Amino acid sequence: MAKTDHSRVAALFDAAREGDRAALDELVSLLTPLLWQVARDQGLDVDQAADVVQTTWLRLLGSFAEIRSPVALTGWLITVTKREAWRTGEKRQVERPLPELPERLAEASPAPEEGVLRDDQRARLWRAVDTLPERCRSLLRIVAFVHRPDYAEVGARLGMPRGSIGPTRGRCLARLREQLLANGEGDWL
């Protein structure tokens, strides 16, 4: 996040702490995609990540008075998200029920090789995203992690006119496709 972004987050946090609901809403809209990415990076599925992100925001609401440095708010939220994700992951391991055995072997889950290939493909995808210009990386992360993003908010966050978001997304996806096909590693169907 750029220095101005930290000061913007700090200003929104201060306003939210004073009771400005719109500032809190903007803060949540601004930082939720990042928190989603942090939660998912900890290995959580979509439902678990949603719970972790929600818990993180609730923890913030309960900690307004304790946060002394609003400029460091983003780091605080990331730390809380990681800790909640770790707790959720540990809890999931403890509470995991024994799997039911399939009636026939053919109905068993996909082979381990398929999971490894899928994970490898996902890692190569995000490495390719990281080679794109910052504007494309930001836009594609929002599109990937936010269900039905509001183009007005996306445009405001990325400094883009609302009408250019779709075409820009198309160009970014085309660049990503070129990157993936150019490296020659694996299949991209």
# chains A, B, ... in the order shown; residues from 1 in each chain; ligands from 1
$ residues_around --residues "range 155-168 of chain A" --least-positions-apart "4" --cutoff "8 Å" --atoms "only C-alpha atoms" --output "list of chain:residue names"
A:Leu30, A:Arg135, A:Cys136, A:Ser138, A:Leu139, A:Tyr151, A:Cys172
$ residues_around --residues "range 31-35 of chain A" --least-positions-apart "4" --cutoff "12 Å" --atoms "only C-alpha atoms" --output "MDAnalysis selection string"
chainID A and resid 1 5:6 8:9 12:13 24:27 39:42 49:57 73:85 138:147 149 153:154 157
$ residues_around --residues "Thr131 in chain A" --least-positions-apart "4" --cutoff "12 Å" --atoms "only C-alpha atoms" --output "PDB file with all heavy atoms, in the first residue's frame"
ATOM      1  N   ARG A 124       1.351 -21.511 -10.469  1.00  0.00           N
ATOM      2  CA  ARG A 124       1.868 -20.914 -11.704  1.00  0.00           C
ATOM      3  C   ARG A 124       0.994 -19.746 -12.150  1.00  0.00           C
ATOM      4  O   ARG A 124       1.487 -18.737 -12.648  1.00  0.00           O
ATOM      5  CB  ARG A 124       1.976 -21.969 -12.805  1.00  0.00           C
ATOM      6  CG  ARG A 124       3.147 -22.916 -12.566  1.00  0.00           C
ATOM      7  CD  ARG A 124       3.369 -23.906 -13.704  1.00  0.00           C
ATOM      8  NE  ARG A 124       2.314 -24.915 -13.723  1.00  0.00           N
ATOM      9  CZ  ARG A 124       1.543 -25.167 -14.778  1.00  0.00           C
ATOM     10  NH1 ARG A 124       1.726 -24.533 -15.900  1.00  0.00           N
ATOM     11  NH2 ARG A 124       0.618 -26.097 -14.715  1.00  0.00           N
ATOM     12  N   LEU A 125      -0.302 -19.876 -11.951  1.00  0.00           N
ATOM     13  CA  LEU A 125      -1.219 -18.791 -12.299  1.00  0.00           C
ATOM     14  C   LEU A 125      -0.870 -17.529 -11.520  1.00  0.00           C
ATOM     15  O   LEU A 125      -0.726 -16.449 -12.086  1.00  0.00           O
ATOM     16  CB  LEU A 125      -2.666 -19.205 -12.029  1.00  0.00           C
ATOM     17  CG  LEU A 125      -3.700 -18.089 -12.141  1.00  0.00           C
ATOM     18  CD1 LEU A 125      -3.863 -17.655 -13.584  1.00  0.00           C
ATOM     19  CD2 LEU A 125      -5.029 -18.543 -11.568  1.00  0.00           C
ATOM     20  N   TRP A 126      -0.711 -17.648 -10.190  1.00  0.00           N
ATOM     21  CA  TRP A 126      -0.440 -16.466  -9.376  1.00  0.00           C
ATOM     22  C   TRP A 126       0.961 -15.925  -9.615  1.00  0.00           C
ATOM     23  O   TRP A 126       1.184 -14.714  -9.509  1.00  0.00           O
ATOM     24  CB  TRP A 126      -0.711 -16.745  -7.901  1.00  0.00           C
ATOM     25  CG  TRP A 126      -2.195 -16.819  -7.676  1.00  0.00           C
ATOM     26  CD1 TRP A 126      -2.933 -17.925  -7.382  1.00  0.00           C
ATOM     27  CD2 TRP A 126      -3.127 -15.744  -7.807  1.00  0.00           C
ATOM     28  NE1 TRP A 126      -4.261 -17.597  -7.318  1.00  0.00           N
ATOM     29  CE2 TRP A 126      -4.419 -16.261  -7.568  1.00  0.00           C
ATOM     30  CE3 TRP A 126      -3.014 -14.390  -8.095  1.00  0.00           C
ATOM     31  CZ2 TRP A 126      -5.560 -15.482  -7.611  1.00  0.00           C
ATOM     32  CZ3 TRP A 126      -4.154 -13.615  -8.137  1.00  0.00           C
ATOM     33  CH2 TRP A 126      -5.412 -14.155  -7.898  1.00  0.00           C
ATOM     34  N   ARG A 127       1.916 -16.797  -9.979  1.00  0.00           N
ATOM     35  CA  ARG A 127       3.242 -16.290 -10.366  1.00  0.00           C
ATOM     36  C   ARG A 127       3.118 -15.460 -11.640  1.00  0.00           C
ATOM     37  O   ARG A 127       3.758 -14.418 -11.774  1.00  0.00           O
ATOM     38  CB  ARG A 127       4.232 -17.437 -10.577  1.00  0.00           C
ATOM     39  CG  ARG A 127       4.857 -17.932  -9.294  1.00  0.00           C
ATOM     40  CD  ARG A 127       6.079 -18.792  -9.550  1.00  0.00           C
ATOM     41  NE  ARG A 127       5.857 -19.912 -10.448  1.00  0.00           N
ATOM     42  CZ  ARG A 127       5.495 -21.137 -10.087  1.00  0.00           C
ATOM     43  NH1 ARG A 127       5.314 -21.414  -8.814  1.00  0.00           N
ATOM     44  NH2 ARG A 127       5.328 -22.087 -10.980  1.00  0.00           N
ATOM     45  N   ARG A 135      -1.441  -2.258 -12.000  1.00  0.00           N
ATOM     46  CA  ARG A 135      -2.868  -2.007 -12.234  1.00  0.00           C
ATOM     47  C   ARG A 135      -3.595  -3.310 -12.545  1.00  0.00           C
ATOM     48  O   ARG A 135      -4.677  -3.570 -12.022  1.00  0.00           O
ATOM     49  CB  ARG A 135      -3.034  -1.018 -13.373  1.00  0.00           C
ATOM     50  CG  ARG A 135      -4.467  -0.617 -13.613  1.00  0.00           C
ATOM     51  CD  ARG A 135      -4.539   0.370 -14.749  1.00  0.00           C
ATOM     52  NE  ARG A 135      -5.421   1.449 -14.370  1.00  0.00           N
ATOM     53  CZ  ARG A 135      -5.727   2.442 -15.148  1.00  0.00           C
ATOM     54  NH1 ARG A 135      -5.209   2.547 -16.332  1.00  0.00           N
ATOM     55  NH2 ARG A 135      -6.564   3.368 -14.744  1.00  0.00           N
ATOM     56  N   CYS A 136      -2.998  -4.146 -13.393  1.00  0.00           N
ATOM     57  CA  CYS A 136      -3.608  -5.438 -13.736  1.00  0.00           C
ATOM     58  C   CYS A 136      -3.650  -6.355 -12.518  1.00  0.00           C
ATOM     59  O   CYS A 136      -4.651  -7.023 -12.265  1.00  0.00           O
ATOM     60  CB  CYS A 136      -2.845  -6.115 -14.879  1.00  0.00           C
ATOM     61  SG  CYS A 136      -3.190  -5.411 -16.497  1.00  0.00           S
ATOM     62  N   ARG A 137      -2.541  -6.403 -11.770  1.00  0.00           N
ATOM     63  CA  ARG A 137      -2.509  -7.268 -10.579  1.00  0.00           C
ATOM     64  C   ARG A 137      -3.627  -6.878  -9.620  1.00  0.00           C
ATOM     65  O   ARG A 137      -4.357  -7.729  -9.124  1.00  0.00           O
ATOM     66  CB  ARG A 137      -1.150  -7.160  -9.879  1.00  0.00           C
ATOM     67  CG  ARG A 137      -0.019  -7.811 -10.620  1.00  0.00           C
ATOM     68  CD  ARG A 137       1.208  -7.976  -9.751  1.00  0.00           C
ATOM     69  NE  ARG A 137       1.609  -6.804  -9.023  1.00  0.00           N
ATOM     70  CZ  ARG A 137       2.584  -5.981  -9.375  1.00  0.00           C
ATOM     71  NH1 ARG A 137       3.260  -6.189 -10.489  1.00  0.00           N
ATOM     72  NH2 ARG A 137       2.901  -4.951  -8.630  1.00  0.00           N
ATOM     73  N   SER A 138      -3.758  -5.584  -9.348  1.00  0.00           N
ATOM     74  CA  SER A 138      -4.782  -5.119  -8.404  1.00  0.00           C
ATOM     75  C   SER A 138      -6.176  -5.457  -8.909  1.00  0.00           C
ATOM     76  O   SER A 138      -7.014  -5.972  -8.162  1.00  0.00           O
ATOM     77  CB  SER A 138      -4.658  -3.607  -8.199  1.00  0.00           C
ATOM     78  OG  SER A 138      -3.415  -3.295  -7.639  1.00  0.00           O
ATOM     79  N   CYS A 172      -6.112  -7.179 -19.344  1.00  0.00           N
ATOM     80  CA  CYS A 172      -5.280  -7.818 -18.315  1.00  0.00           C
ATOM     81  C   CYS A 172      -5.379  -9.337 -18.416  1.00  0.00           C
ATOM     82  O   CYS A 172      -4.378 -10.043 -18.306  1.00  0.00           O
ATOM     83  CB  CYS A 172      -5.694  -7.345 -16.928  1.00  0.00           C
ATOM     84  SG  CYS A 172      -5.313  -5.607 -16.600  1.00  0.00           S
ATOM     85  N   ARG A 175      -3.348 -10.448 -21.355  1.00  0.00           N
ATOM     86  CA  ARG A 175      -1.920 -10.467 -21.018  1.00  0.00           C
ATOM     87  C   ARG A 175      -1.578 -11.676 -20.163  1.00  0.00           C
ATOM     88  O   ARG A 175      -0.550 -12.317 -20.362  1.00  0.00           O
ATOM     89  CB  ARG A 175      -1.543  -9.211 -20.236  1.00  0.00           C
ATOM     90  CG  ARG A 175      -1.295  -8.012 -21.057  1.00  0.00           C
ATOM     91  CD  ARG A 175      -0.923  -6.881 -20.132  1.00  0.00           C
ATOM     92  NE  ARG A 175      -0.028  -5.973 -20.786  1.00  0.00           N
ATOM     93  CZ  ARG A 175       0.334  -4.823 -20.272  1.00  0.00           C
ATOM     94  NH1 ARG A 175      -0.109  -4.454 -19.088  1.00  0.00           N
ATOM     95  NH2 ARG A 175       1.147  -4.022 -20.917  1.00  0.00           N
ATOM     96  N   LEU A 176      -2.455 -11.979 -19.210  1.00  0.00           N
ATOM     97  CA  LEU A 176      -2.233 -13.136 -18.343  1.00  0.00           C
ATOM     98  C   LEU A 176      -2.237 -14.416 -19.173  1.00  0.00           C
ATOM     99  O   LEU A 176      -1.378 -15.287 -18.991  1.00  0.00           O
ATOM    100  CB  LEU A 176      -3.304 -13.188 -17.248  1.00  0.00           C
ATOM    101  CG  LEU A 176      -3.236 -14.372 -16.292  1.00  0.00           C
ATOM    102  CD1 LEU A 176      -1.913 -14.395 -15.530  1.00  0.00           C
ATOM    103  CD2 LEU A 176      -4.409 -14.301 -15.315  1.00  0.00           C
ATOM    104  N   ARG A 177      -3.181 -14.528 -20.075  1.00  0.00           N
ATOM    105  CA  ARG A 177      -3.261 -15.705 -20.953  1.00  0.00           C
ATOM    106  C   ARG A 177      -1.967 -15.844 -21.757  1.00  0.00           C
ATOM    107  O   ARG A 177      -1.402 -16.930 -21.865  1.00  0.00           O
ATOM    108  CB  ARG A 177      -4.470 -15.587 -21.885  1.00  0.00           C
ATOM    109  CG  ARG A 177      -4.734 -16.818 -22.717  1.00  0.00           C
ATOM    110  CD  ARG A 177      -5.992 -16.669 -23.595  1.00  0.00           C
ATOM    111  NE  ARG A 177      -7.170 -16.295 -22.815  1.00  0.00           N
ATOM    112  CZ  ARG A 177      -7.778 -15.103 -22.872  1.00  0.00           C
ATOM    113  NH1 ARG A 177      -7.337 -14.158 -23.679  1.00  0.00           N
ATOM    114  NH2 ARG A 177      -8.836 -14.862 -22.140  1.00  0.00           N
ATOM    115  N   GLU A 178      -1.474 -14.730 -22.304  1.00  0.00           N
ATOM    116  CA  GLU A 178      -0.217 -14.764 -23.063  1.00  0.00           C
ATOM    117  C   GLU A 178       0.941 -15.240 -22.182  1.00  0.00           C
ATOM    118  O   GLU A 178       1.765 -16.039 -22.620  1.00  0.00           O
ATOM    119  CB  GLU A 178       0.105 -13.372 -23.619  1.00  0.00           C
ATOM    120  CG  GLU A 178      -0.794 -12.939 -24.750  1.00  0.00           C
ATOM    121  CD  GLU A 178      -0.569 -11.477 -25.125  1.00  0.00           C
ATOM    122  OE1 GLU A 178       0.428 -10.874 -24.667  1.00  0.00           O
ATOM    123  OE2 GLU A 178      -1.402 -10.935 -25.882  1.00  0.00           O
ATOM    124  N   GLN A 179       1.005 -14.737 -20.956  1.00  0.00           N
ATOM    125  CA  GLN A 179       2.059 -15.150 -20.022  1.00  0.00           C
ATOM    126  C   GLN A 179       1.998 -16.645 -19.750  1.00  0.00           C
ATOM    127  O   GLN A 179       3.013 -17.328 -19.757  1.00  0.00           O
ATOM    128  CB  GLN A 179       1.918 -14.409 -18.674  1.00  0.00           C
ATOM    129  CG  GLN A 179       2.382 -13.016 -18.694  1.00  0.00           C
ATOM    130  CD  GLN A 179       3.896 -12.948 -18.598  1.00  0.00           C
ATOM    131  OE1 GLN A 179       4.618 -13.870 -18.949  1.00  0.00           O
ATOM    132  NE2 GLN A 179       4.388 -11.828 -18.135  1.00  0.00           N
ATOM    133  N   LEU A 180       0.807 -17.134 -19.510  1.00  0.00           N
ATOM    134  CA  LEU A 180       0.649 -18.551 -19.181  1.00  0.00           C
ATOM    135  C   LEU A 180       1.002 -19.445 -20.361  1.00  0.00           C
ATOM    136  O   LEU A 180       1.631 -20.492 -20.193  1.00  0.00           O
ATOM    137  CB  LEU A 180      -0.785 -18.827 -18.708  1.00  0.00           C
ATOM    138  CG  LEU A 180      -1.162 -18.187 -17.380  1.00  0.00           C
ATOM    139  CD1 LEU A 180      -2.655 -18.322 -17.130  1.00  0.00           C
ATOM    140  CD2 LEU A 180      -0.369 -18.788 -16.238  1.00  0.00           C
TER     141      LEU A 180
END
$ select_by_dssp --residues "range 3-187 of chain A" --states "helix (DSSP H, G or I)" --output "ChimeraX atom specification"
/A:3-17,21-41,46-62,64-66,70-95,105-107,112-130,134-145,151-158,162-182
$ atom_distance --atom1 "CA of Trp36 in chain A" --atom2 "CA of Leu61 in chain A"
17.9 Å
$ atom_distance --atom1 "CA of Thr88 in chain A" --atom2 "CA of Val46 in chain A"
12.4 Å
